[in-house]
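Below is protein.cif, holding mmCIF, C-alpha atoms.
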```
data_run
#
loop_
_atom_site.label_atom_id
_atom_site.label_comp_id
_atom_site.auth_asym_id
_atom_site.auth_seq_id
_atom_site.Cartn_x
_atom_site.Cartn_y
_atom_site.Cartn_z
CA MET K 1 41.20 25.26 -27.42
CA GLN K 2 42.64 23.33 -30.27
CA ASN K 3 40.91 20.52 -32.09
CA LYS K 4 42.83 17.90 -30.17
CA ASP K 5 41.83 19.40 -26.83
CA ILE K 6 38.19 19.52 -27.85
CA LEU K 7 38.27 15.86 -28.87
CA ILE K 8 39.98 14.86 -25.63
CA ASN K 9 37.39 16.75 -23.59
CA ILE K 10 34.48 15.15 -25.45
CA LEU K 11 35.94 11.68 -24.94
CA ARG K 12 36.62 12.41 -21.29
CA PHE K 13 33.01 13.62 -20.86
CA ILE K 14 31.54 10.38 -22.25
CA ILE K 15 33.96 8.00 -20.56
CA LEU K 16 33.47 9.63 -17.16
CA ILE K 17 29.67 9.36 -17.43
CA LEU K 18 29.83 5.67 -18.40
CA LEU K 19 32.36 4.92 -15.67
CA GLN K 20 30.27 6.70 -13.04
CA VAL K 21 26.96 5.14 -14.03
CA PHE K 22 27.99 1.56 -14.61
CA ILE K 23 30.75 1.02 -12.10
CA LEU K 24 31.10 3.70 -9.43
CA ASN K 25 27.36 4.03 -8.69
CA ASN K 26 27.30 0.33 -7.82
CA ILE K 27 30.16 0.21 -5.35
CA ASN K 28 28.02 0.93 -2.26
CA PHE K 29 30.94 0.57 0.13
CA LEU K 30 29.56 -0.12 3.66
CA GLY K 31 26.08 0.08 2.20
CA PHE K 32 25.89 3.70 1.10
CA ILE K 33 29.29 5.19 0.19
CA ASN K 34 29.92 5.90 -3.48
CA PRO K 35 32.69 8.02 -4.98
CA TYR K 36 31.75 10.67 -7.54
CA LEU K 37 34.59 10.69 -10.03
CA TYR K 38 32.72 12.45 -12.84
CA ILE K 39 33.58 15.91 -11.44
CA PHE K 40 37.12 15.15 -12.65
CA PHE K 41 35.92 16.74 -15.91
CA ILE K 42 35.16 20.04 -14.14
CA LEU K 43 38.37 19.92 -12.08
CA ILE K 44 40.77 19.64 -15.00
CA PHE K 45 38.89 21.70 -17.60
CA PRO K 46 41.52 24.14 -19.00
CA PHE K 47 42.04 26.98 -16.52
CA ASN K 48 41.98 29.66 -19.20
CA GLY K 49 39.03 28.09 -21.04
CA ASN K 50 35.64 29.69 -21.60
CA LYS K 51 33.84 29.93 -18.24
CA ALA K 52 30.32 30.07 -19.69
CA LEU K 53 31.06 26.94 -21.72
CA LEU K 54 32.26 25.12 -18.61
CA ILE K 55 29.09 26.05 -16.70
CA PHE K 56 26.94 24.78 -19.54
CA LEU K 57 28.93 21.55 -19.99
CA SER K 58 28.78 20.91 -16.23
CA PHE K 59 25.02 21.21 -16.39
CA LEU K 60 24.90 18.64 -19.20
CA LEU K 61 27.28 16.35 -17.32
CA GLY K 62 25.23 16.46 -14.13
CA LEU K 63 21.97 16.05 -16.01
CA SER K 64 23.29 12.92 -17.78
CA ILE K 65 24.18 11.38 -14.42
CA ASP K 66 20.70 12.32 -13.18
CA PHE K 67 19.07 10.62 -16.15
CA PHE K 68 20.76 7.36 -15.30
CA GLY K 69 20.19 7.67 -11.58
CA ASP K 70 16.54 8.86 -11.65
CA SER K 71 17.53 11.61 -9.26
CA GLY K 72 15.79 14.74 -10.56
CA GLY K 73 18.37 17.50 -10.91
CA ILE K 74 20.65 17.01 -7.93
CA HIS K 75 23.85 16.21 -9.82
CA ALA K 76 23.16 19.00 -12.31
CA ALA K 77 22.73 21.55 -9.52
CA ALA K 78 25.87 20.49 -7.66
CA SER K 79 27.98 20.41 -10.85
CA VAL K 80 26.80 23.80 -12.08
CA PHE K 81 27.56 25.28 -8.68
CA ILE K 82 31.15 24.04 -8.49
CA ALA K 83 31.73 25.04 -12.13
CA TYR K 84 30.67 28.59 -11.28
CA ILE K 85 32.67 28.79 -8.05
CA ARG K 86 35.80 27.18 -9.57
CA PRO K 87 37.72 30.41 -10.35
CA ALA K 88 37.44 31.45 -6.69
CA PHE K 89 38.79 28.11 -5.48
CA LEU K 90 41.60 28.22 -8.06
CA LYS K 91 42.56 31.67 -6.86
CA PHE K 92 42.49 30.48 -3.26
CA SER K 93 44.68 27.43 -3.79
CA PHE K 94 47.07 28.51 -6.60
CA GLY K 95 47.32 32.26 -6.06
CA VAL K 96 45.92 35.19 -8.03
CA SER K 97 47.91 34.62 -11.20
CA TYR K 98 46.77 31.05 -11.89
CA GLU K 99 45.32 32.06 -15.25
CA HIS K 100 48.48 33.61 -16.65
CA ASP K 101 51.11 31.30 -15.24
CA SER K 102 49.70 28.44 -17.31
CA ILE K 103 49.83 26.15 -14.31
CA LYS K 104 49.25 22.52 -15.15
CA LEU K 105 47.53 20.50 -12.43
CA GLY K 106 49.95 17.67 -13.09
CA ASN K 107 53.11 19.56 -12.16
CA SER K 108 51.73 21.83 -9.45
CA ASP K 109 52.44 21.51 -5.74
CA PHE K 110 50.80 18.45 -4.20
CA ILE K 111 49.47 20.42 -1.22
CA LYS K 112 47.95 23.13 -3.45
CA ARG K 113 46.39 20.51 -5.68
CA PHE K 114 45.03 18.62 -2.69
CA ILE K 115 43.42 21.78 -1.24
CA TYR K 116 41.81 22.59 -4.59
CA ILE K 117 40.39 19.08 -5.04
CA THR K 118 39.13 18.87 -1.46
CA LEU K 119 37.37 22.24 -1.64
CA MET K 120 35.64 21.31 -4.90
CA VAL K 121 34.63 17.84 -3.72
CA ILE K 122 33.23 18.96 -0.36
CA THR K 123 31.22 21.80 -1.92
CA HIS K 124 29.84 19.42 -4.54
CA HIS K 125 28.93 16.71 -2.05
CA VAL K 126 27.26 19.07 0.45
CA ILE K 127 24.93 20.37 -2.26
CA LEU K 128 24.40 16.90 -3.70
CA PHE K 129 23.37 15.23 -0.45
CA SER K 130 21.37 18.19 0.87
CA LEU K 131 19.28 18.12 -2.30
CA GLU K 132 19.02 14.34 -2.38
CA ILE K 133 17.87 13.94 1.20
CA PHE K 134 16.03 17.30 1.22
CA ASN K 135 14.94 17.05 4.82
CA THR K 136 16.23 18.94 7.84
CA ASP K 137 15.30 16.03 10.11
CA HIS K 138 18.10 14.00 8.53
CA ILE K 139 20.87 16.57 8.83
CA LEU K 140 23.12 14.01 10.51
CA LEU K 141 22.67 11.66 7.58
CA ILE K 142 23.61 14.51 5.19
CA LEU K 143 26.82 15.22 7.13
CA LYS K 144 27.69 11.55 7.41
CA SER K 145 27.19 10.85 3.71
CA THR K 146 29.10 13.99 2.75
CA LEU K 147 32.07 13.16 4.95
CA PHE K 148 32.49 9.52 3.91
CA SER K 149 31.79 10.02 0.21
CA SER K 150 34.14 13.02 0.17
CA ILE K 151 37.02 10.99 1.58
CA PHE K 152 36.42 8.28 -1.02
CA SER K 153 36.09 10.80 -3.88
CA VAL K 154 39.17 12.81 -2.91
CA VAL K 155 41.35 9.70 -2.71
CA LEU K 156 40.09 8.50 -6.07
CA LEU K 157 40.47 11.92 -7.72
CA VAL K 158 44.02 12.47 -6.43
CA THR K 159 45.01 9.01 -7.64
CA THR K 160 43.38 9.49 -11.04
CA MET K 161 45.02 12.86 -11.43
CA SER K 162 48.50 11.52 -10.71
CA LEU K 163 47.88 8.59 -13.05
CA PHE K 164 46.65 10.58 -16.03
CA SER K 165 48.46 13.88 -15.82
CA ARG K 166 50.99 14.54 -18.55
CA LYS K 167 54.35 15.48 -17.16
CA SER K 168 55.88 18.28 -19.15
CA MET F 1 19.64 50.45 -23.20
CA GLN F 2 23.34 50.13 -23.72
CA GLN F 3 23.82 50.02 -19.97
CA ILE F 4 21.48 47.06 -19.69
CA LEU F 5 23.25 45.25 -22.51
CA PHE F 6 26.61 45.85 -20.87
CA PHE F 7 25.23 44.59 -17.60
CA PHE F 8 24.15 41.34 -19.27
CA ILE F 9 27.46 40.90 -21.06
CA ARG F 10 29.49 41.60 -17.94
CA ASN F 11 27.47 39.21 -15.80
CA LYS F 12 26.77 36.57 -18.41
CA ASN F 13 28.47 33.81 -16.42
CA PHE F 14 26.52 34.64 -13.30
CA LEU F 15 23.22 34.81 -15.18
CA LEU F 16 23.90 31.53 -16.98
CA PHE F 17 24.75 29.95 -13.64
CA CYS F 18 21.55 31.28 -12.05
CA VAL F 19 19.34 29.99 -14.85
CA LEU F 20 20.88 26.51 -14.95
CA PHE F 21 20.98 26.22 -11.16
CA LEU F 22 17.33 27.18 -10.86
CA VAL F 23 16.40 24.68 -13.58
CA SER F 24 18.18 21.90 -11.69
CA ILE F 25 16.56 22.87 -8.39
CA GLY F 26 13.19 22.90 -10.14
CA LEU F 27 13.80 19.41 -11.52
CA THR F 28 14.87 18.24 -8.07
CA ILE F 29 11.76 19.57 -6.33
CA GLN F 30 9.61 18.04 -9.03
CA SER F 31 11.24 14.65 -8.52
CA HIS F 32 10.40 14.77 -4.83
CA SER F 33 6.69 14.75 -5.48
CA TYR F 34 5.34 11.42 -6.57
CA HIS F 35 4.35 11.07 -10.25
CA LYS F 36 5.59 14.47 -11.32
CA ASN F 37 9.02 13.35 -12.45
CA LYS F 38 8.26 13.22 -16.15
CA PHE F 39 11.51 14.50 -17.64
CA ILE F 40 14.43 13.06 -15.74
CA THR F 41 13.88 9.33 -15.79
CA SER F 42 16.00 6.36 -16.74
CA ALA F 43 12.98 4.90 -18.53
CA ASN F 44 14.05 6.53 -21.78
CA PHE F 45 15.47 5.17 -24.98
CA LEU F 46 19.13 5.93 -24.27
CA SER F 47 19.65 5.08 -20.60
CA GLY F 48 17.15 2.22 -20.71
CA GLY F 49 18.91 0.77 -23.75
CA LEU F 50 22.34 1.08 -22.15
CA TYR F 51 21.15 -0.45 -18.90
CA SER F 52 19.59 -3.45 -20.63
CA PHE F 53 22.78 -3.86 -22.69
CA LYS F 54 24.75 -3.93 -19.43
CA SER F 55 22.43 -6.38 -17.69
CA ASN F 56 22.66 -8.74 -20.67
CA PHE F 57 26.17 -9.41 -19.38
CA THR F 58 25.79 -9.04 -15.64
CA ASP F 59 22.71 -11.30 -15.49
CA TYR F 60 24.91 -14.34 -16.00
CA PHE F 61 26.52 -13.86 -12.61
CA ASN F 62 23.21 -14.42 -10.86
CA LEU F 63 21.96 -17.43 -12.81
CA ARG F 64 22.55 -19.88 -9.98
CA THR F 65 20.65 -17.94 -7.29
CA GLU F 66 17.96 -17.12 -9.82
CA ASN F 67 17.52 -20.83 -10.60
CA ASN F 68 17.29 -21.69 -6.93
CA GLN F 69 14.62 -19.06 -6.43
CA LEU F 70 12.59 -20.43 -9.33
CA ILE F 71 12.83 -23.97 -7.96
CA GLU F 72 11.70 -22.78 -4.53
CA GLU F 73 8.77 -20.95 -6.06
CA ASN F 74 7.79 -23.97 -8.16
CA LEU F 75 7.96 -26.18 -5.11
CA ARG F 76 5.74 -23.86 -3.12
CA MET F 77 3.22 -23.66 -5.93
CA ARG F 78 3.16 -27.44 -6.39
CA GLU F 79 2.42 -27.88 -2.70
CA GLN F 80 -0.36 -25.34 -2.87
CA LEU F 81 -1.79 -27.00 -5.95
CA GLU F 82 -1.86 -30.41 -4.26
CA PHE F 83 -3.56 -28.83 -1.27
CA PHE F 84 -6.24 -27.28 -3.44
CA LYS F 85 -6.76 -30.49 -5.40
CA LYS F 86 -7.30 -32.43 -2.21
CA ASN F 87 -9.77 -29.93 -0.81
CA SER F 88 -11.72 -29.25 -3.95
CA PHE F 89 -14.80 -31.30 -4.77
CA LEU F 90 -14.74 -30.36 -8.39
CA THR F 91 -13.04 -33.02 -10.42
CA GLU F 92 -12.68 -30.78 -13.39
CA VAL F 93 -12.05 -27.11 -12.84
CA ASP F 94 -13.84 -24.73 -15.13
CA SER F 95 -11.13 -22.59 -16.68
CA SER F 96 -13.28 -19.46 -16.66
CA SER F 97 -13.63 -19.60 -12.90
CA ILE F 98 -9.86 -19.71 -12.35
CA LEU F 99 -9.27 -16.34 -13.95
CA SER F 100 -8.65 -13.88 -11.19
CA LYS F 101 -8.99 -10.13 -11.41
CA TYR F 102 -5.22 -9.71 -11.48
CA TYR F 103 -2.91 -10.14 -14.47
CA TYR F 104 0.80 -10.70 -13.93
CA THR F 105 3.46 -9.52 -16.39
CA PRO F 106 7.05 -10.68 -15.96
CA ALA F 107 9.92 -8.22 -16.36
CA ARG F 108 13.67 -8.07 -15.85
CA VAL F 109 15.38 -5.58 -13.53
CA ILE F 110 18.04 -3.71 -15.51
CA ASN F 111 19.06 -1.18 -12.87
CA ASN F 112 18.59 -1.26 -9.12
CA SER F 113 19.57 1.24 -6.44
CA PHE F 114 19.33 0.83 -2.69
CA SER F 115 21.98 3.13 -1.21
CA LYS F 116 20.14 6.44 -1.69
CA THR F 117 17.17 7.77 0.25
CA LYS F 118 14.86 7.80 -2.77
CA ASN F 119 15.59 4.59 -4.61
CA LYS F 120 14.27 3.70 -8.03
CA ILE F 121 14.44 0.49 -10.03
CA THR F 122 14.43 0.31 -13.83
CA ILE F 123 12.83 -2.64 -15.66
CA ASP F 124 12.76 -3.63 -19.32
CA GLU F 125 9.02 -3.68 -19.99
CA GLY F 126 6.92 -0.61 -20.64
CA SER F 127 3.66 0.71 -22.02
CA LYS F 128 3.98 -1.71 -24.95
CA LYS F 129 2.97 -4.47 -22.51
CA ASN F 130 0.20 -2.30 -21.00
CA ILE F 131 2.25 -1.33 -17.99
CA GLU F 132 0.87 1.84 -16.45
CA LEU F 133 1.46 4.13 -13.50
CA ASP F 134 0.47 2.88 -10.04
CA MET F 135 0.76 -0.82 -10.78
CA GLY F 136 2.27 -2.95 -8.02
CA VAL F 137 5.52 -4.86 -8.52
CA ILE F 138 6.46 -8.06 -6.65
CA THR F 139 8.91 -10.94 -6.82
CA SER F 140 8.23 -14.53 -5.88
CA LYS F 141 9.26 -13.64 -2.33
CA GLY F 142 7.47 -10.36 -1.66
CA ILE F 143 6.72 -6.80 -2.67
CA VAL F 144 9.18 -4.53 -4.47
CA GLY F 145 7.43 -1.23 -5.20
CA ILE F 146 5.04 0.69 -7.44
CA ILE F 147 5.46 1.75 -11.08
CA ASN F 148 5.99 5.51 -11.25
CA ASN F 149 7.16 6.18 -14.79
CA THR F 150 6.78 4.38 -18.10
CA SER F 151 8.09 4.74 -21.62
CA LYS F 152 7.44 2.49 -24.59
CA ASN F 153 9.93 -0.22 -23.65
CA TYR F 154 11.02 0.64 -20.12
CA ALA F 155 9.55 1.62 -16.78
CA THR F 156 10.84 2.82 -13.43
CA ILE F 157 9.61 1.57 -10.09
CA GLN F 158 9.49 3.59 -6.91
CA SER F 159 11.01 1.02 -4.60
CA ILE F 160 9.69 0.44 -1.07
CA LEU F 161 13.15 1.70 -0.11
CA ASN F 162 12.07 5.26 -0.87
CA THR F 163 11.10 7.84 1.72
CA ASN F 164 8.14 8.82 -0.48
CA SER F 165 6.63 5.33 -0.43
CA GLN F 166 3.70 4.52 1.82
CA ILE F 167 2.13 1.12 1.37
CA ASN F 168 -0.84 -0.28 3.21
CA ALA F 169 0.13 -3.42 5.14
CA LYS F 170 -1.27 -5.56 7.94
CA LEU F 171 -0.44 -8.31 10.41
CA LYS F 172 -1.27 -11.63 8.79
CA SER F 173 -2.64 -13.17 11.98
CA THR F 174 -4.84 -10.37 13.30
CA ASP F 175 -5.60 -7.99 10.39
CA HIS F 176 -4.34 -4.86 12.18
CA PHE F 177 -3.51 -2.25 9.54
CA GLY F 178 -0.60 0.15 9.31
CA SER F 179 1.47 1.91 6.67
CA LEU F 180 4.85 0.73 5.48
CA VAL F 181 7.65 3.33 5.28
CA TRP F 182 11.46 3.31 5.22
CA ASP F 183 13.83 5.15 7.57
CA THR F 184 16.83 4.92 5.15
CA ASN F 185 19.06 2.98 7.57
CA ASP F 186 19.13 -0.57 6.26
CA PRO F 187 18.05 -1.79 2.79
CA ASN F 188 16.60 -5.00 4.22
CA ILE F 189 14.59 -3.52 7.08
CA VAL F 190 11.51 -1.32 6.68
CA GLN F 191 9.14 0.18 9.23
CA LEU F 192 5.45 -0.40 9.75
CA GLU F 193 3.79 2.55 11.47
CA GLU F 194 0.49 3.23 13.18
CA ILE F 195 -0.20 -0.28 14.40
CA PRO F 196 -2.76 0.13 17.22
CA ARG F 197 -1.61 -0.45 20.79
CA LEU F 198 -4.03 -3.31 21.28
CA ALA F 199 -2.50 -5.46 18.55
CA PRO F 200 -0.83 -8.60 19.92
CA LEU F 201 2.72 -8.51 18.54
CA VAL F 202 5.10 -11.46 18.41
CA ILE F 203 8.59 -11.26 16.98
CA GLY F 204 8.72 -13.37 13.83
CA ASP F 205 5.06 -12.81 12.85
CA THR F 206 4.38 -12.34 9.14
CA ILE F 207 3.38 -8.99 7.60
CA VAL F 208 1.39 -8.97 4.34
CA THR F 209 -0.16 -6.30 2.10
CA GLY F 210 -3.48 -4.99 3.28
CA GLY F 211 -5.53 -4.95 0.10
CA ARG F 212 -7.06 -1.56 0.92
CA SER F 213 -5.79 -0.11 -2.35
CA THR F 214 -6.17 -1.15 -5.97
CA ILE F 215 -2.39 -1.53 -6.33
CA PHE F 216 -1.62 -4.76 -4.48
CA PRO F 217 -3.92 -7.74 -3.95
CA GLU F 218 -4.47 -8.67 -0.33
CA GLY F 219 -1.97 -11.01 1.30
CA ILE F 220 1.20 -10.48 -0.75
CA LEU F 221 4.14 -11.30 1.50
CA ILE F 222 6.29 -8.48 2.88
CA GLY F 223 8.42 -9.70 5.79
CA THR F 224 8.57 -10.69 9.44
CA ILE F 225 8.54 -8.60 12.63
CA LYS F 226 12.08 -8.02 13.85
CA GLY F 227 11.33 -5.68 16.72
CA PHE F 228 8.80 -3.10 17.88
CA LYS F 229 8.52 -0.06 20.10
CA LEU F 230 5.66 1.98 21.47
CA LEU F 231 5.52 5.64 20.42
CA ALA F 232 6.11 8.32 23.08
CA ASP F 233 2.41 9.15 23.34
CA GLU F 234 1.63 5.43 23.74
CA SER F 235 -0.98 5.53 20.99
CA SER F 236 0.58 3.17 18.49
CA TYR F 237 3.49 0.88 17.70
CA THR F 238 6.26 1.27 15.15
CA LEU F 239 7.52 -2.09 13.93
CA ASN F 240 10.82 -3.04 12.31
CA ILE F 241 10.16 -5.46 9.47
CA GLN F 242 12.78 -7.79 8.05
CA LEU F 243 11.96 -8.12 4.35
CA PHE F 244 11.64 -11.52 2.67
CA ASN F 245 13.11 -10.00 -0.49
CA ASP F 246 16.78 -9.23 -0.73
CA MET F 247 16.34 -5.73 -2.16
CA THR F 248 20.02 -5.54 -3.03
CA ASN F 249 19.75 -8.49 -5.40
CA LEU F 250 16.69 -8.35 -7.64
CA ASN F 251 16.49 -10.01 -11.02
CA HIS F 252 13.03 -10.93 -12.18
CA VAL F 253 9.87 -9.21 -11.03
CA TYR F 254 6.15 -9.48 -11.75
CA ILE F 255 3.96 -6.47 -12.44
CA ILE F 256 0.40 -6.75 -11.15
CA GLN F 257 -2.40 -5.35 -13.28
CA ASN F 258 -5.77 -5.04 -11.62
CA LYS F 259 -8.51 -5.57 -14.17
CA GLU F 260 -11.04 -3.77 -12.04
CA ARG F 261 -8.83 -0.76 -11.35
CA GLU F 262 -10.48 1.46 -13.95
CA GLU F 263 -13.90 0.68 -12.58
CA ILE F 264 -12.86 1.32 -8.96
CA LYS F 265 -11.21 4.58 -9.94
CA LEU F 266 -14.26 5.69 -11.86
CA VAL F 267 -16.50 5.02 -8.87
CA GLU F 268 -14.14 6.82 -6.50
CA GLU F 269 -13.87 9.85 -8.75
CA GLY F 270 -17.65 9.99 -9.14
CA ASP F 271 -17.82 10.01 -5.39
CA THR F 272 -15.80 13.18 -4.98
CA ASP F 273 -17.72 14.95 -7.74
CA ALA F 274 -20.97 14.46 -5.92
CA GLU F 275 -19.74 16.34 -2.86
#
```
This structure in structure tokens:
Amino acid sequence: MQNKDILINILRFIILILLQVFILNNINFLGFINPYLYIFFILIFPFNGNKALLIFLSFLLGLSIDFFGDSGGIHAAASVFIAYIRPAFLKFSFGVSYEHDSIKLGNSDFIKRFIYITLMVITHHVILFSLEIFNTDHILLILKSTLFSSIFSVVLLVTTMSLFSRKS
Amino acid sequence: MQQILFFFIRNKNFLLFCVLFLVSIGLTIQSHSYHKNKFITSANFLSGGLYSFKSNFTDYFNLRTENNQLIEENLRMREQLEFFKKNSFLTEVDSSSILSKYYYTPARVINNSFSKTKNKITIDEGSKKNIELDMGVITSKGIVGIINNTSKNYATIQSILNTNSQINAKLKSTDHFGSLVWDTNDPNIVQLEEIPRLAPLVIGDTIVTGGRSTIFPEGILIGTIKGFKLLADESSYTLNIQLFNDMTNLNHVYIIQNKEREEIKLVEEGDTDAE
């Protein structure tokens, strides 16, 4: 990573946390549905970047959200998990050679991009809500929250990605 | 030796993932047990500061409703005062006899959540103003929750909208006790469990705090009965309670400090030692 990339990633990290904590956590659409946009950072972290660094940064990202939300370690756990599993999902949606082809998310196939985002979001949300509710009696509530929040998050992430991706 | 080193280097991502994931799970489990959540709390310098900075702006949007609430509370208190004046034979009240065993400290809500299953509220007063764990928090309309974390300038409240909360409450008219819990469905409706079958229930009756703990004084308002159903084994009722408070819109709260709490605790602890 070059200096410029590092700076952009740091800025993105901070802005996403502030956006999540002060605006998106207060949407409460239909009483309980909130989008989780902060995983945008994990989604578009450079594909050939250091994997250990990404896992560690995801932990910090999730933990910061937890600090603001008084939620123990649920966001940290979910973020670390999707950061670790990301290469598998990339391989699944973009093919084996994603690392060498220097694919940019911005100019990749819409369908491939959509599959990648959906996989990441659903995995993240399942872990997040299972840990938050932490009770097998409420399994229906877990599924309901996961489904609705996932739809909201995916729509927001796809839109954000098309807005902010650099066309090259 | 070299083999082991190679193993670590080859699997460093997996090991790092395992360690961080286990740490997060540990923090999560800790946060599920009341009072153990010491590390991850918004009652710290950074998030508390940012939240109070934010609410400095957003508070202006609620000024009108806040004013109306204050006027309503003043009105109610004036009426009560007149009532007491009329019924009291003392022409001059001795100020030392007015002092009750409860102190009230005002505070401002700087962050409020109600859409999760374990909701917390952050306020902008902390141990500097002698706010401690296990103190009750109310508004002019009814109960809000219990303090469960403090720092120097901030504190977090475990809201009654939290599946870990259990608060002693009773019917105002008949003194039948039960415990107040939340089933996560609606932020303005809570449940009162274990009300005996013999209790005469009327929809619209008032529910107040029971006073069987040192946290809340007896008779703090909670809400009204919205509906009730008998449990399957017909032993007790579960009531739906419509809260007086709008938990989605909290601004100013009062923290209740019980002056005799230390003494009561001391006695209770002495009790268990003697067993």
Show me, as a ChimeraX atom specification, every residue of chain K with an atom at most 6 Å from chain F, counting all atoms listed in the file.
/K:32,52,67-68,70,72-74,76-77
What gap, in Å, lies between atom CA of Leu90 of chain K and atom CA of Leu60 of chain K?
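Pair atom CA of Leu90 of chain K / atom CA of Leu60 of chain K returns 22.2 Å.
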With distances taken over only C-alpha atoms, which of K:Ile133, K:Leu30, K:Ala78, K:Leu156 is nearest to Ile42 of chain K?
K:Ala78
Using the chain letters and numbers from the file, give me the residues hit by the PyMOL selection byres ((chain F and resi 193) around 12), as a PyMOL selection string.
chain F and resi 166-171+176-183+190-192+194-197+228-231+235-241
I need the output of the PyMOL selection byres ((chain K and resi 137-143) around 12) for this file as a PDB file with C-alpha atoms, in the coordinates of the input; which residues are they?
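Wrote part24.pdb, looks like this:
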```pdb
ATOM      1  CA  PHE K  32      25.890   3.700   1.100  1.00  0.00           C
ATOM      2  CA  ILE K  33      29.290   5.190   0.190  1.00  0.00           C
ATOM      3  CA  ILE K 122      33.230  18.960  -0.360  1.00  0.00           C
ATOM      4  CA  HIS K 125      28.930  16.710  -2.050  1.00  0.00           C
ATOM      5  CA  VAL K 126      27.260  19.070   0.450  1.00  0.00           C
ATOM      6  CA  ILE K 127      24.930  20.370  -2.260  1.00  0.00           C
ATOM      7  CA  LEU K 128      24.400  16.900  -3.700  1.00  0.00           C
ATOM      8  CA  PHE K 129      23.370  15.230  -0.450  1.00  0.00           C
ATOM      9  CA  SER K 130      21.370  18.190   0.870  1.00  0.00           C
ATOM     10  CA  LEU K 131      19.280  18.120  -2.300  1.00  0.00           C
ATOM     11  CA  GLU K 132      19.020  14.340  -2.380  1.00  0.00           C
ATOM     12  CA  ILE K 133      17.870  13.940   1.200  1.00  0.00           C
ATOM     13  CA  PHE K 134      16.030  17.300   1.220  1.00  0.00           C
ATOM     14  CA  ASN K 135      14.940  17.050   4.820  1.00  0.00           C
ATOM     15  CA  THR K 136      16.230  18.940   7.840  1.00  0.00           C
ATOM     16  CA  LYS K 144      27.690  11.550   7.410  1.00  0.00           C
ATOM     17  CA  SER K 145      27.190  10.850   3.710  1.00  0.00           C
ATOM     18  CA  THR K 146      29.100  13.990   2.750  1.00  0.00           C
ATOM     19  CA  LEU K 147      32.070  13.160   4.950  1.00  0.00           C
ATOM     20  CA  PHE K 148      32.490   9.520   3.910  1.00  0.00           C
ATOM     21  CA  SER K 149      31.790  10.020   0.210  1.00  0.00           C
ATOM     22  CA  SER K 150      34.140  13.020   0.170  1.00  0.00           C
TER      23      SER K 150
ATOM     24  CA  LYS F 116      20.140   6.440  -1.690  1.00  0.00           C
ATOM     25  CA  THR F 117      17.170   7.770   0.250  1.00  0.00           C
ATOM     26  CA  THR F 163      11.100   7.840   1.720  1.00  0.00           C
ATOM     27  CA  ASP F 183      13.830   5.150   7.570  1.00  0.00           C
ATOM     28  CA  THR F 184      16.830   4.920   5.150  1.00  0.00           C
ATOM     29  CA  ASN F 185      19.060   2.980   7.570  1.00  0.00           C
TER      30      ASN F 185
END
```
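Between atom CA of Asn25 of chain K and atom CA of Met135 of chain F lies a distance of 27.1 Å.
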Work out how far apart atom CA of Ser159 of chain F and atom CA of Val253 of chain F are and give it in Å to one decimal.
12.1 Å
Selection: 7 Å around Asn153 of chain F, all atoms listed in the file, excl. self and same-chain fewer than 5 positions, as a VMD selection string:
chain F and resid 124 to 128
Could you list, as JSON, numbers by chain, every residue matched by the PyMOL selection byres ((chain F and resi 105) around 8) in this structure?
{"F": [103, 104, 106, 107, 129, 254, 255, 256, 257]}
Please provide as a ChimeraX atom specification all residues within 12 Å of Leu53 of chain K, with the sequence filter that same-chain residues fewer than 3 positions apart are discarded (counting all atoms listed in the file).
/K:1,6,42,45-46,48-50,56-60,80,83-84 /F:12-13,16-17
Please dump the current selection as a PDB file, in the coordinates of the input; keep C-alpha atoms.
```pdb
ATOM      1  CA  MET K   1      41.200  25.260 -27.420  1.00  0.00           C
ATOM      2  CA  ILE K   6      38.190  19.520 -27.850  1.00  0.00           C
ATOM      3  CA  ILE K  42      35.160  20.040 -14.140  1.00  0.00           C
ATOM      4  CA  PHE K  45      38.890  21.700 -17.600  1.00  0.00           C
ATOM      5  CA  PRO K  46      41.520  24.140 -19.000  1.00  0.00           C
ATOM      6  CA  ASN K  48      41.980  29.660 -19.200  1.00  0.00           C
ATOM      7  CA  GLY K  49      39.030  28.090 -21.040  1.00  0.00           C
ATOM      8  CA  ASN K  50      35.640  29.690 -21.600  1.00  0.00           C
ATOM      9  CA  PHE K  56      26.940  24.780 -19.540  1.00  0.00           C
ATOM     10  CA  LEU K  57      28.930  21.550 -19.990  1.00  0.00           C
ATOM     11  CA  SER K  58      28.780  20.910 -16.230  1.00  0.00           C
ATOM     12  CA  PHE K  59      25.020  21.210 -16.390  1.00  0.00           C
ATOM     13  CA  LEU K  60      24.900  18.640 -19.200  1.00  0.00           C
ATOM     14  CA  VAL K  80      26.800  23.800 -12.080  1.00  0.00           C
ATOM     15  CA  ALA K  83      31.730  25.040 -12.130  1.00  0.00           C
ATOM     16  CA  TYR K  84      30.670  28.590 -11.280  1.00  0.00           C
TER      17      TYR K  84
ATOM     18  CA  LYS F  12      26.770  36.570 -18.410  1.00  0.00           C
ATOM     19  CA  ASN F  13      28.470  33.810 -16.420  1.00  0.00           C
ATOM     20  CA  LEU F  16      23.900  31.530 -16.980  1.00  0.00           C
ATOM     21  CA  PHE F  17      24.750  29.950 -13.640  1.00  0.00           C
TER      22      PHE F  17
END
```
Could you check which residues have any atom within 12 Å of (21.0, -9.9, -13.6), counting only C-alpha atoms with coordinates taken straight from the file, and then list them as a PyMOL selection string?
chain F and resi 51-67+107-112+123-124+248-253
Contacts of Leu37 of chain K within 7 Å, all atoms listed in the file, excl. fewer than 5 positions in-chain, as a PyMOL selection string:
chain K and resi 20+153+157
